[in-house]
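Asks: To start, I am sharing the structure in question, which I have written as structure tokens.
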Amino acid sequence: MPTALITGASAGLGAEFARQLAARGADLVLVARGAEALEALAAELRQKHGVAVEVLIADLSEAEEVERVAARFVDRSAPIDLLVNNAGFGLPLRFADNDIADEVRHLRVHVEATMRLMHAALRAMRGRGGRIINVASVAGFISRSTYSACKGWVIGFSRWANDEYARDGVTVTAVCPGFTHTSFHERMGLAAGEEGVPAIGWLDARDVVREALGDAARGKAVSVPSLRYKIAVALTRMLPRGFISRVARRGRM
């Protein structure tokens, strides 16, 4: 059976990727900082689906720990067929008011760790095939502080890599959900309703992951789950940048 390595797997979209992939029979390597939640998820999936689940505890803001995760791709006796780069966190939008150390850590997790793990995965997958899913955001299509900039990088790099490595049998897909019901916002200290986003603007994590996996299987470079957000992304190409930036000051995606 195929094996998937998922970062940020202890909660949110990462945990949902793990559940849906395990339900399809995939073995898993789960990566996150929190051991308790990760071990609990691993036990749940082993019992429910009978799949093999490895647990790697790692803080992806630390280069040495990223390298430890990257080393897992070198094990040819248990190759990784799918990488899901999902680890991440948000910060308040006012860059100048944030601690610069937090901003640097944010950049390392969203960009550097993603790049390093993609590099390791591509070197292992070239020739035999594989898939990489990078969880980005519709925020990557607009201008909104460093979160938007990081996700814009993920989208652009995924587009290029999907074209470049198709000849080697590897697909790369940037998944760009909008507001999704997960613990992402709770970790930022935001209660339900504080984002100022109407109910119609929210997505269900199960639907996001289901559509993402389907688009990745089709080799799409960019996946924007749901029709409403496909329309929103199309509008970002037509509306004035200043207007989009004002609207974008609401919420985190």
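Here, A, B, ... name the chains of the structure tokens in the order displayed, residue numbers run from 1 inside each chain, and ligands are numbered from 1 in the same displayed order.
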Would you pick out the contacts of Ala205 in chain A at 10 Å or less, using only C-alpha atoms, so that residues sharing its chain but fewer than 2 positions from it are not included, and give the list as number ranges by chain?

Replies: A: 12-17, 177, 179-182, 202-203, 207-210

Asks: Write the selection just made, keeping C-alpha atoms, as a PDB file, in the first residue's frame?

Replies:
ATOM      1  CA  GLY A  12      -7.021  20.494  11.569  1.00  0.00           C
ATOM      2  CA  LEU A  13      -6.485  19.712   7.901  1.00  0.00           C
ATOM      3  CA  GLY A  14      -3.454  17.561   8.684  1.00  0.00           C
ATOM      4  CA  ALA A  15      -5.504  15.217  10.865  1.00  0.00           C
ATOM      5  CA  GLU A  16      -8.246  15.136   8.229  1.00  0.00           C
ATOM      6  CA  PHE A  17      -5.728  14.200   5.518  1.00  0.00           C
ATOM      7  CA  PRO A 177      -8.755  26.608   0.848  1.00  0.00           C
ATOM      8  CA  PHE A 179     -11.885  29.906   5.724  1.00  0.00           C
ATOM      9  CA  THR A 180     -12.140  26.333   7.001  1.00  0.00           C
ATOM     10  CA  HIS A 181     -13.514  25.028  10.296  1.00  0.00           C
ATOM     11  CA  THR A 182     -10.376  23.734  12.058  1.00  0.00           C
ATOM     12  CA  TRP A 202     -16.726  28.749   5.791  1.00  0.00           C
ATOM     13  CA  LEU A 203     -15.737  25.346   4.462  1.00  0.00           C
ATOM     14  CA  ASP A 207     -14.777  18.575   1.893  1.00  0.00           C
ATOM     15  CA  VAL A 208     -11.508  20.494   1.497  1.00  0.00           C
ATOM     16  CA  VAL A 209      -9.379  17.366   1.872  1.00  0.00           C
ATOM     17  CA  ARG A 210     -11.625  15.249  -0.354  1.00  0.00           C
TER      18      ARG A 210
END

Asks: Please run DSSP on the backbone and report, as a PyMOL selection string, all residues within range 24-233 of chain A that come out as helix (DSSP H, G or I).

Replies: chain A and resi 35-49+63-74+95-97+100-125+138-141+145-168+184-187+199-201+205-217+227-233

Asks: Counting only C-alpha atoms, which residue out of A:Ala234, A:Glu36, A:Thr173, A:Gly156 sits closest to Gly214 in chain A?

Replies: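 So, comparing all the options, the nearest one is A:Thr173.
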
Asks: Give me, please, the distance in Å between CA of Asn86 in chain A and CA of Ala23 in chain A, quoted to one decimal.

Replies: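 These atoms are spaced 18.9 Å apart.
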
Asks: Could you work out how far CA of Leu83 in chain A lies from CA of Glu62 in chain A, giving the answer in Å with one decimal?

Replies: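 Here the two named atoms are 19.1 Å from each other.
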